[in-house]
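Asks: Have a peek at work_6.cif (mmCIF, C-alpha atoms and all ligand atoms).
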```cif
data_model
#
loop_
_atom_site.label_atom_id
_atom_site.label_comp_id
_atom_site.auth_asym_id
_atom_site.auth_seq_id
_atom_site.Cartn_x
_atom_site.Cartn_y
_atom_site.Cartn_z
CA MET A 26 124.66 83.76 96.11
CA GLU A 27 126.74 86.83 96.90
CA LEU A 28 126.88 90.43 95.69
CA LYS A 29 130.02 91.52 97.54
CA LYS A 30 130.69 95.24 97.06
CA LYS A 31 128.56 95.52 93.91
CA VAL A 32 127.20 99.06 93.55
CA ILE A 33 123.48 98.55 92.98
CA VAL A 34 121.03 101.38 92.23
CA ILE A 35 117.34 100.58 92.77
CA THR A 36 114.57 102.96 91.76
CA GLY A 37 111.30 102.86 93.68
CA ALA A 38 113.19 101.31 96.59
CA GLY A 39 110.99 102.89 99.26
CA SER A 40 108.35 100.17 99.26
CA GLY A 41 107.21 96.74 98.04
CA ILE A 42 109.45 94.83 95.63
CA GLY A 43 112.09 97.61 95.55
CA ALA A 44 112.39 97.72 99.35
CA ALA A 45 112.56 93.90 99.59
CA SER A 46 115.25 93.83 96.88
CA ALA A 47 117.27 96.56 98.61
CA ALA A 48 117.21 94.66 101.91
CA LEU A 49 118.07 91.30 100.35
CA MET A 50 120.88 92.60 98.13
CA ALA A 51 122.42 94.60 100.99
CA SER A 52 122.35 91.42 103.12
CA LEU A 53 124.30 89.70 100.31
CA GLY A 54 127.05 92.33 100.49
CA ALA A 55 125.97 94.93 97.91
CA LYS A 56 126.34 98.68 98.37
CA VAL A 57 122.75 99.71 97.76
CA ILE A 58 121.57 103.10 96.55
CA ALA A 59 117.89 103.14 97.49
CA SER A 60 116.26 105.78 95.33
CA ASP A 61 112.60 106.80 95.40
CA ILE A 62 110.39 109.79 94.71
CA ASN A 63 109.41 109.40 98.38
CA LEU A 64 112.63 110.16 100.31
CA LYS A 65 111.13 109.37 103.73
CA ASN A 66 110.32 105.82 102.68
CA ALA A 67 113.75 105.33 101.08
CA GLU A 68 115.40 106.61 104.28
CA GLU A 69 113.38 104.15 106.36
CA VAL A 70 114.53 101.28 104.12
CA VAL A 71 118.15 102.44 104.49
CA ARG A 72 117.77 102.71 108.29
CA GLU A 73 116.63 99.07 108.46
CA ILE A 74 119.48 97.93 106.18
CA LYS A 75 122.07 99.72 108.34
CA LYS A 76 120.52 98.28 111.51
CA ALA A 77 121.10 94.82 110.00
CA GLY A 78 124.76 95.71 109.26
CA GLY A 79 124.38 96.48 105.53
CA VAL A 80 125.61 99.38 103.41
CA ALA A 81 123.02 101.67 101.81
CA THR A 82 122.28 105.29 100.94
CA ALA A 83 118.90 106.91 100.35
CA TYR A 84 118.41 109.24 97.43
CA GLN A 85 115.39 111.18 96.17
CA ALA A 86 114.76 111.03 92.42
CA ASP A 87 111.62 111.16 90.31
CA VAL A 88 112.28 108.87 87.33
CA THR A 89 110.00 110.97 85.10
CA ARG A 90 112.46 113.87 85.40
CA TYR A 91 115.53 113.36 83.25
CA GLU A 92 117.63 115.87 85.20
CA GLU A 93 116.86 114.09 88.50
CA VAL A 94 117.86 110.69 87.08
CA ASP A 95 121.03 112.32 85.72
CA ALA A 96 121.79 113.85 89.14
CA LEU A 97 121.18 110.49 90.90
CA LEU A 98 123.48 108.49 88.61
CA SER A 99 126.16 111.22 88.52
CA GLN A 100 126.20 111.24 92.33
CA VAL A 101 126.56 107.44 92.45
CA ILE A 102 129.47 107.56 89.98
CA LYS A 103 131.12 110.37 91.97
CA GLU A 104 130.79 108.49 95.27
CA HIS A 105 131.40 104.88 94.14
CA GLY A 106 133.17 105.14 90.75
CA SER A 107 130.79 102.75 88.96
CA ILE A 108 127.21 101.55 88.54
CA ASP A 109 127.49 97.77 88.61
CA VAL A 110 123.76 96.98 88.61
CA LEU A 111 120.68 99.12 87.96
CA VAL A 112 117.25 97.83 88.99
CA ASN A 113 114.50 99.79 87.22
CA ASN A 114 111.70 99.05 89.64
CA ALA A 115 109.78 102.34 90.12
CA GLY A 116 106.28 101.87 88.77
CA ILE A 117 102.66 102.89 89.22
CA GLY A 118 99.28 101.50 88.21
CA GLY A 119 96.41 103.40 86.64
CA ARG A 120 93.79 104.95 88.96
CA ASN A 121 90.84 103.72 86.91
CA GLN A 122 90.34 100.14 85.81
CA LYS A 123 88.20 100.83 82.75
CA LYS A 124 87.97 99.72 79.13
CA THR A 125 90.09 101.53 76.54
CA ALA A 126 87.40 104.01 75.36
CA GLU A 127 86.96 105.13 79.00
CA HIS A 128 90.68 105.08 79.84
CA THR A 129 91.54 108.55 81.16
CA LEU A 130 94.18 110.76 79.58
CA ASP A 131 95.63 111.34 83.06
CA ASP A 132 96.16 107.61 83.61
CA TRP A 133 97.71 107.26 80.18
CA HIS A 134 100.21 110.13 80.62
CA ASN A 135 101.11 109.36 84.25
CA VAL A 136 101.60 105.62 83.83
CA ILE A 137 103.59 105.91 80.60
CA ALA A 138 105.75 108.66 82.14
CA VAL A 139 106.81 106.54 85.14
CA ASN A 140 106.76 102.96 83.83
CA GLN A 141 108.03 103.50 80.30
CA THR A 142 109.76 106.88 79.92
CA GLY A 143 111.31 106.52 83.40
CA VAL A 144 112.89 103.20 82.43
CA PHE A 145 114.15 104.74 79.19
CA TYR A 146 115.78 107.69 81.03
CA CYS A 147 117.46 105.39 83.57
CA MET A 148 118.68 102.94 80.90
CA LYS A 149 119.95 105.70 78.60
CA LEU A 150 122.04 107.35 81.31
CA ALA A 151 123.25 104.14 82.97
CA LEU A 152 124.25 102.55 79.65
CA LYS A 153 126.53 105.51 78.89
CA GLN A 154 128.41 104.87 82.16
CA MET A 155 128.33 101.07 81.81
CA THR A 156 129.78 101.32 78.29
CA GLU A 157 132.61 103.50 79.64
CA GLN A 158 133.36 101.17 82.56
CA GLY A 159 133.26 98.11 80.25
CA TYR A 160 130.55 96.08 82.01
CA GLY A 161 127.11 96.38 83.54
CA ASN A 162 123.86 94.73 84.44
CA ILE A 163 120.32 96.15 84.18
CA ILE A 164 117.23 94.48 85.60
CA ASN A 165 113.91 95.96 84.51
CA ILE A 166 110.79 95.16 86.51
CA ALA A 167 108.11 94.59 83.91
CA SER A 168 104.99 92.54 84.74
CA LEU A 169 102.88 89.62 83.70
CA ALA A 170 100.76 92.45 82.20
CA GLY A 171 103.70 93.03 79.83
CA LEU A 172 103.43 89.49 78.46
CA LYS A 173 99.68 88.92 78.18
CA PRO A 174 96.64 91.20 78.26
CA THR A 175 94.63 91.51 81.45
CA GLY A 176 91.97 93.96 80.21
CA ASN A 177 90.87 97.29 81.72
CA ASN A 178 94.50 98.19 82.17
CA LEU A 179 95.60 99.77 78.89
CA SER A 180 98.34 102.21 79.90
CA TYR A 181 99.87 99.77 82.43
CA SER A 182 99.85 96.97 79.88
CA ALA A 183 101.29 99.25 77.16
CA SER A 184 104.05 100.44 79.48
CA LYS A 185 105.03 96.93 80.59
CA PHE A 186 104.99 95.48 77.04
CA ALA A 187 107.28 98.42 76.24
CA VAL A 188 109.63 97.54 79.09
CA VAL A 189 109.92 93.99 77.74
CA GLY A 190 110.63 95.41 74.27
CA MET A 191 113.21 97.90 75.56
CA THR A 192 114.90 95.11 77.53
CA LYS A 193 115.28 92.85 74.50
CA SER A 194 116.23 95.66 72.12
CA ALA A 195 118.93 97.09 74.40
CA ALA A 196 120.22 93.59 75.32
CA LEU A 197 120.82 92.96 71.63
CA GLU A 198 122.71 96.25 71.30
CA TYR A 199 124.87 95.93 74.42
CA GLY A 200 125.74 92.20 74.65
CA SER A 201 129.05 92.90 72.89
CA LYS A 202 129.84 95.55 75.52
CA ASN A 203 129.64 93.03 78.36
CA ILE A 204 126.36 94.54 79.58
CA ARG A 205 123.43 92.27 80.41
CA ILE A 206 119.82 93.47 80.42
CA ASN A 207 116.95 91.29 81.62
CA ALA A 208 113.37 91.78 82.76
CA VAL A 209 111.47 90.27 85.63
CA CYS A 210 107.71 89.81 85.20
CA PRO A 211 105.92 89.43 88.52
CA GLY A 212 102.34 88.26 88.68
CA TYR A 213 100.04 89.48 91.46
CA THR A 214 102.37 90.32 94.34
CA HIS A 215 101.51 91.77 97.79
CA SER A 216 102.46 95.48 97.77
CA SER A 217 100.89 98.94 97.90
CA LEU A 218 100.32 98.68 94.13
CA LEU A 219 98.21 95.53 94.53
CA ASP A 220 96.47 96.95 97.63
CA GLN A 221 95.49 100.02 95.59
CA LEU A 222 93.90 97.79 92.94
CA LEU A 223 92.08 95.67 95.52
CA SER A 224 90.79 98.70 97.45
CA SER A 225 89.25 100.16 94.26
CA ARG A 226 87.80 96.73 93.31
CA PRO A 227 87.32 94.61 96.48
CA ASP A 228 85.47 92.01 94.40
CA MET A 229 88.76 91.30 92.61
CA GLU A 230 90.61 89.41 95.35
CA GLN A 231 88.85 86.06 94.94
CA LYS A 232 88.64 86.48 91.15
CA LEU A 233 92.38 87.10 90.92
CA LYS A 234 93.27 84.19 93.18
CA GLN A 235 91.30 81.90 90.89
CA LEU A 236 93.72 82.90 88.13
CA ILE A 237 96.74 81.69 90.12
CA PRO A 238 97.40 77.93 89.97
CA MET A 239 99.32 78.18 93.26
CA GLY A 240 96.23 79.84 94.80
CA ARG A 241 97.92 82.79 96.51
CA PHE A 242 99.49 86.15 95.75
CA GLY A 243 103.28 86.35 95.57
CA GLU A 244 105.42 88.08 98.19
CA ALA A 245 107.80 90.94 97.42
CA THR A 246 110.62 88.90 98.96
CA GLU A 247 109.98 86.11 96.41
CA VAL A 248 110.43 88.56 93.52
CA ALA A 249 113.51 90.02 95.25
CA GLU A 250 115.18 86.57 95.25
CA THR A 251 115.09 86.46 91.44
CA ILE A 252 116.24 90.07 91.12
CA ALA A 253 119.22 89.33 93.40
CA TRP A 254 120.11 86.22 91.36
CA LEU A 255 120.00 88.25 88.11
CA ALA A 256 122.25 90.83 89.81
CA SER A 257 124.72 88.09 90.78
CA ASP A 258 127.37 86.37 88.69
CA GLY A 259 125.30 83.16 88.96
CA SER A 260 123.32 84.44 85.96
CA LYS A 261 126.27 85.84 84.03
CA TYR A 262 125.44 84.25 80.62
CA ILE A 263 121.79 85.38 80.68
CA THR A 264 120.71 88.46 78.75
CA GLY A 265 117.61 89.71 76.94
CA GLN A 266 115.29 87.38 78.89
CA THR A 267 112.04 87.82 80.77
CA ILE A 268 111.66 85.76 83.92
CA THR A 269 108.09 85.29 85.11
CA ILE A 270 107.37 84.94 88.84
CA ASP A 271 103.64 84.36 89.03
CA GLY A 272 102.70 81.12 90.78
CA GLY A 273 101.78 79.73 87.35
CA THR A 274 99.30 82.47 86.31
CA SER A 275 100.84 82.74 82.83
CA LEU A 276 99.98 79.07 82.19
CA LEU A 277 96.25 79.83 82.05
N1 LIG A 301 102.79 94.26 93.06
C1 LIG A 301 102.46 93.62 91.96
O1 LIG A 301 101.50 92.84 91.90
C2 LIG A 301 103.28 93.82 90.71
C3 LIG A 301 103.08 92.93 89.64
C4 LIG A 301 103.82 93.11 88.48
C5 LIG A 301 104.75 94.12 88.39
N2 LIG A 301 104.93 94.97 89.45
C6 LIG A 301 105.92 96.03 89.26
O2 LIG A 301 106.86 95.99 90.32
C7 LIG A 301 107.41 97.30 90.51
C8 LIG A 301 107.34 97.64 91.99
O3 LIG A 301 105.99 97.75 92.38
P1 LIG A 301 105.44 97.37 93.84
O4 LIG A 301 104.40 96.37 93.63
O5 LIG A 301 106.57 97.08 94.76
O6 LIG A 301 104.71 98.76 94.17
P2 LIG A 301 104.95 99.85 95.31
O7 LIG A 301 103.89 100.86 95.07
O8 LIG A 301 105.00 99.19 96.65
O9 LIG A 301 106.38 100.46 94.98
C9 LIG A 301 106.62 101.34 93.93
C10 LIG A 301 107.63 102.39 94.38
O10 LIG A 301 107.89 103.25 93.26
C11 LIG A 301 107.96 104.59 93.74
N3 LIG A 301 107.68 105.52 92.65
C12 LIG A 301 106.48 105.80 92.09
N4 LIG A 301 106.61 106.75 91.15
C13 LIG A 301 107.92 107.09 91.12
C14 LIG A 301 108.68 108.01 90.36
N5 LIG A 301 108.11 108.82 89.46
N6 LIG A 301 110.02 108.06 90.58
C15 LIG A 301 110.61 107.27 91.50
N7 LIG A 301 109.94 106.39 92.27
C16 LIG A 301 108.61 106.30 92.08
C17 LIG A 301 106.92 104.65 94.85
O11 LIG A 301 107.15 105.75 95.73
C18 LIG A 301 107.09 103.29 95.53
O12 LIG A 301 108.05 103.35 96.56
C19 LIG A 301 106.60 98.24 89.62
O13 LIG A 301 107.32 98.51 88.44
C20 LIG A 301 105.35 97.43 89.32
O14 LIG A 301 104.74 97.82 88.12
C21 LIG A 301 104.22 94.84 90.60
#
```
Before we go any further, please render this structure as structure tokens.
Replies:
Amino acid sequence: MELKKKVIVITGAGSGIGAASAALMASLGAKVIASDINLKNAEEVVREIKKAGGVATAYQADVTRYEEVDALLSQVIKEHGSIDVLVNNAGIGGRNQKKTAEHTLDDWHNVIAVNQTGVFYCMKLALKQMTEQGYGNIINIASLAGLKPTGNNLSYSASKFAVVGMTKSAALEYGSKNIRINAVCPGYTHSSLLDQLLSSRPDMEQKLKQLIPMGRFGEATEVAETIAWLASDGSKYITGQTITIDGGTSLL
């Protein structure tokens, strides 16, 4: 698998799955633009990539702010001339794991803003450029929670079902423009997002592991492998699909 000189923008690249994807894709020859709301973390990821001999730039952008996404993508086009691949990875979970009637308005608005509206902003602006350049590739990081209900997780589930829907809808629209759009649906994967869930509900760890036929959580690097393959020409006839990486959880 190689990604030689592909210009790849990753949102939420400062930690977890985004950081692992940035490192892997840079090691495969991509020019990585590691964007995050947390610039310090993105810069740390870029430092490590450069230390390993890769090419990467850190950029601060909050995906909930249209003008910041616009500025990020405009800067990439100015510096590199194209956006070959966009990985919409930035995402957050809700603070409260409660049933729908107790779901807070704050959780609803914050989670939908990042996970759903953020993906829309990034897709809208990138697709304009990809249409002009005559090709493109978008990989949206949805979730197993976007394919089946988990309970006590309404806004997250709504946002991730929406990402799957946006992926399929846009893939249908842009196939004829030589632009592929796919979604990756990780199950429970080690990251700050999972840690946050487990620290608010320590009783969950064993319960969750019982839901995973392979008996363990996934690693960010394992999700990154699939993202890199979708970014590569090895997957060049695949569009509008969701690929689940969950140790078999979706089978139950
Ligand atoms: N870890 C899991 O178990 C799991 C499972 C399924 C799906 N996912 C999805 O994978 C993606 C990556 O999550 P992760 O597990 O690596 O979590 P993470 O918390 O380690 O990383 C998320 C990154 O997104 C950034 N971010 C948050 N809000 C942002 C904003 N408004 N603008 C730009 N960046 C922002 C954070 O700073 C962080 O660096 C998310 O979309 C998440 O929903 C994770």
Asks: For atom CA of A:Asp61 and atom C12 of ligand LIG 301 (chain A), determine how far apart the two atoms are, in Å to one decimal place.
Replies: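 Separating atom CA of A:Asp61 from atom C12 of ligand LIG 301 (chain A) is a distance of 7.0 Å.
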Asks: Tell me, in Å to one decimal, how far atom CA of A:Ala208 is from atom CA of A:Ile33.
Replies: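 Spanning atom CA of A:Ala208 to atom CA of A:Ile33 is a straight-line distance of 15.9 Å.
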Asks: Calculated over all atoms listed in the file, which of the candidates A:Gly78, A:Arg120, A:Lys153, A:Val144 has the smallest distance to A:Ile102?
Replies: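 So, comparing all the options, the nearest one is A:Lys153.
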Asks: Return as a ChimeraX atom specification the residues of protein, DNA or RNA that approach ligand LIG 301 (chain A) to within 8 Å, with all atoms listed in the file taken into account.
Replies: /A:36-44,60-63,66-67,85-90,113-118,138-140,143,166-170,181,185,210-219,242-243,245
Asks: Within 12 Å of (93.1, 82.3, 87.5) in the file's own coordinates, which protein, DNA or RNA residues have an atom, counting only C-alpha atoms? List them as a list in words.
Replies: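 With a cut-off of 12 Å, the residues come to Thr175, Gly212, Tyr213, Met229, Glu230, Gln231, Lys232, Leu233, Lys234, Gln235, Leu236, Ile237, Pro238, Met239, Gly240, Arg241, Phe242, Asp271, Gly272, Gly273, Thr274, Ser275, Leu276 and Leu277 of chain A.
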Asks: Name all residues at most 7 Å from A:Val112 (count all atoms listed in the file; drop same-chain ones fewer than 6 positions away) and give them as a ChimeraX atom specification.
Replies: /A:34-36,163-165
Asks: Which of these residues is nearest to A:Ala45, using all atoms listed in the file: A:Ala59, A:Ile108, A:Ala83, A:Ala96?
Replies: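 Comparing A:Ala59, A:Ile108, A:Ala83, A:Ala96 against A:Ala45, the winner is A:Ala59.
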Asks: Which one is closest to A:Ile137: A:Gly190, A:Gly119, A:Gly176, A:Gly171? Count all atoms listed in the file.
Replies: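 Checking each candidate against A:Ile137, we get A:Gly119 as the closest.
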Asks: Stretch 160-239 of chain A from the block above, C-alpha atoms, as a short mmCIF file (atom, residue, chain, number, x, y, z; two decimals), in the first residue's frame, please?
Replies:
```cif
data_model
loop_
_atom_site.label_atom_id
_atom_site.label_comp_id
_atom_site.auth_asym_id
_atom_site.auth_seq_id
_atom_site.Cartn_x
_atom_site.Cartn_y
_atom_site.Cartn_z
CA TYR A 160 -11.14 13.68 -8.62
CA GLY A 161 -11.23 13.17 -4.87
CA ASN A 162 -11.67 10.83 -1.97
CA ILE A 163 -13.49 11.45 1.33
CA ILE A 164 -13.38 9.10 4.31
CA ASN A 165 -15.87 9.84 7.08
CA ILE A 166 -15.32 8.33 10.50
CA ALA A 167 -18.76 7.25 11.64
CA SER A 168 -19.17 4.55 14.31
CA LEU A 169 -20.80 1.26 15.11
CA ALA A 170 -23.25 3.59 16.93
CA GLY A 171 -24.20 4.87 13.46
CA LEU A 172 -25.30 1.39 12.37
CA LYS A 173 -27.08 0.02 15.43
CA PRO A 174 -28.46 1.58 18.62
CA THR A 175 -26.44 1.35 21.81
CA GLY A 176 -28.86 3.19 24.14
CA ASN A 177 -28.19 6.15 26.45
CA ASN A 178 -26.31 7.81 23.63
CA LEU A 179 -28.94 9.68 21.60
CA SER A 180 -27.04 12.64 20.12
CA TYR A 181 -23.94 10.53 19.35
CA SER A 182 -26.05 7.86 17.69
CA ALA A 183 -28.07 10.47 15.74
CA SER A 184 -24.89 12.18 14.55
CA LYS A 185 -23.23 8.94 13.43
CA PHE A 186 -26.35 7.61 11.64
CA ALA A 187 -26.32 11.00 9.90
CA VAL A 188 -22.69 10.58 8.86
CA VAL A 189 -23.54 7.22 7.29
CA GLY A 190 -26.48 8.85 5.49
CA MET A 191 -24.41 11.81 4.28
CA THR A 192 -21.71 9.41 3.05
CA LYS A 193 -24.13 7.37 0.95
CA SER A 194 -26.08 10.38 -0.30
CA ALA A 195 -22.99 12.30 -1.42
CA ALA A 196 -21.36 9.15 -2.88
CA LEU A 197 -24.40 8.76 -5.12
CA GLU A 198 -24.14 12.40 -6.23
CA TYR A 199 -20.38 12.47 -6.88
CA GLY A 200 -19.55 9.02 -8.33
CA SER A 201 -19.79 10.47 -11.84
CA LYS A 202 -17.28 13.17 -10.87
CA ASN A 203 -14.61 10.59 -10.01
CA ILE A 204 -15.00 11.31 -6.29
CA ARG A 205 -15.31 8.43 -3.83
CA ILE A 206 -16.91 8.82 -0.39
CA ASN A 207 -16.88 6.03 2.19
CA ALA A 208 -17.38 5.69 5.93
CA VAL A 209 -15.49 3.73 8.51
CA CYS A 210 -17.42 2.47 11.54
CA PRO A 211 -15.15 1.62 14.44
CA GLY A 212 -16.43 -0.31 17.43
CA TYR A 213 -14.96 0.30 20.89
CA THR A 214 -11.44 1.56 20.25
CA HIS A 215 -8.79 2.70 22.77
CA SER A 216 -8.67 6.52 22.69
CA SER A 217 -9.45 9.55 24.86
CA LEU A 218 -13.09 9.27 23.70
CA LEU A 219 -13.39 5.72 25.07
CA ASP A 220 -11.42 6.65 28.22
CA GLN A 221 -13.89 9.48 28.86
CA LEU A 222 -16.80 7.02 28.66
CA LEU A 223 -15.09 4.49 30.92
CA SER A 224 -14.10 7.11 33.51
CA SER A 225 -17.73 8.28 33.81
CA ARG A 226 -18.95 4.64 33.97
CA PRO A 227 -16.14 2.38 35.29
CA ASP A 228 -18.62 -0.51 35.49
CA MET A 229 -18.80 -0.43 31.69
CA GLU A 230 -15.42 -1.94 30.83
CA GLN A 231 -16.29 -5.58 31.51
CA LYS A 232 -19.84 -5.12 30.16
CA LEU A 233 -18.51 -3.68 26.90
CA LYS A 234 -15.88 -6.39 26.47
CA GLN A 235 -18.63 -9.00 26.75
CA LEU A 236 -20.17 -7.41 23.65
CA ILE A 237 -17.02 -7.99 21.59
CA PRO A 238 -16.60 -11.51 20.16
CA MET A 239 -12.83 -10.93 19.92
#
```
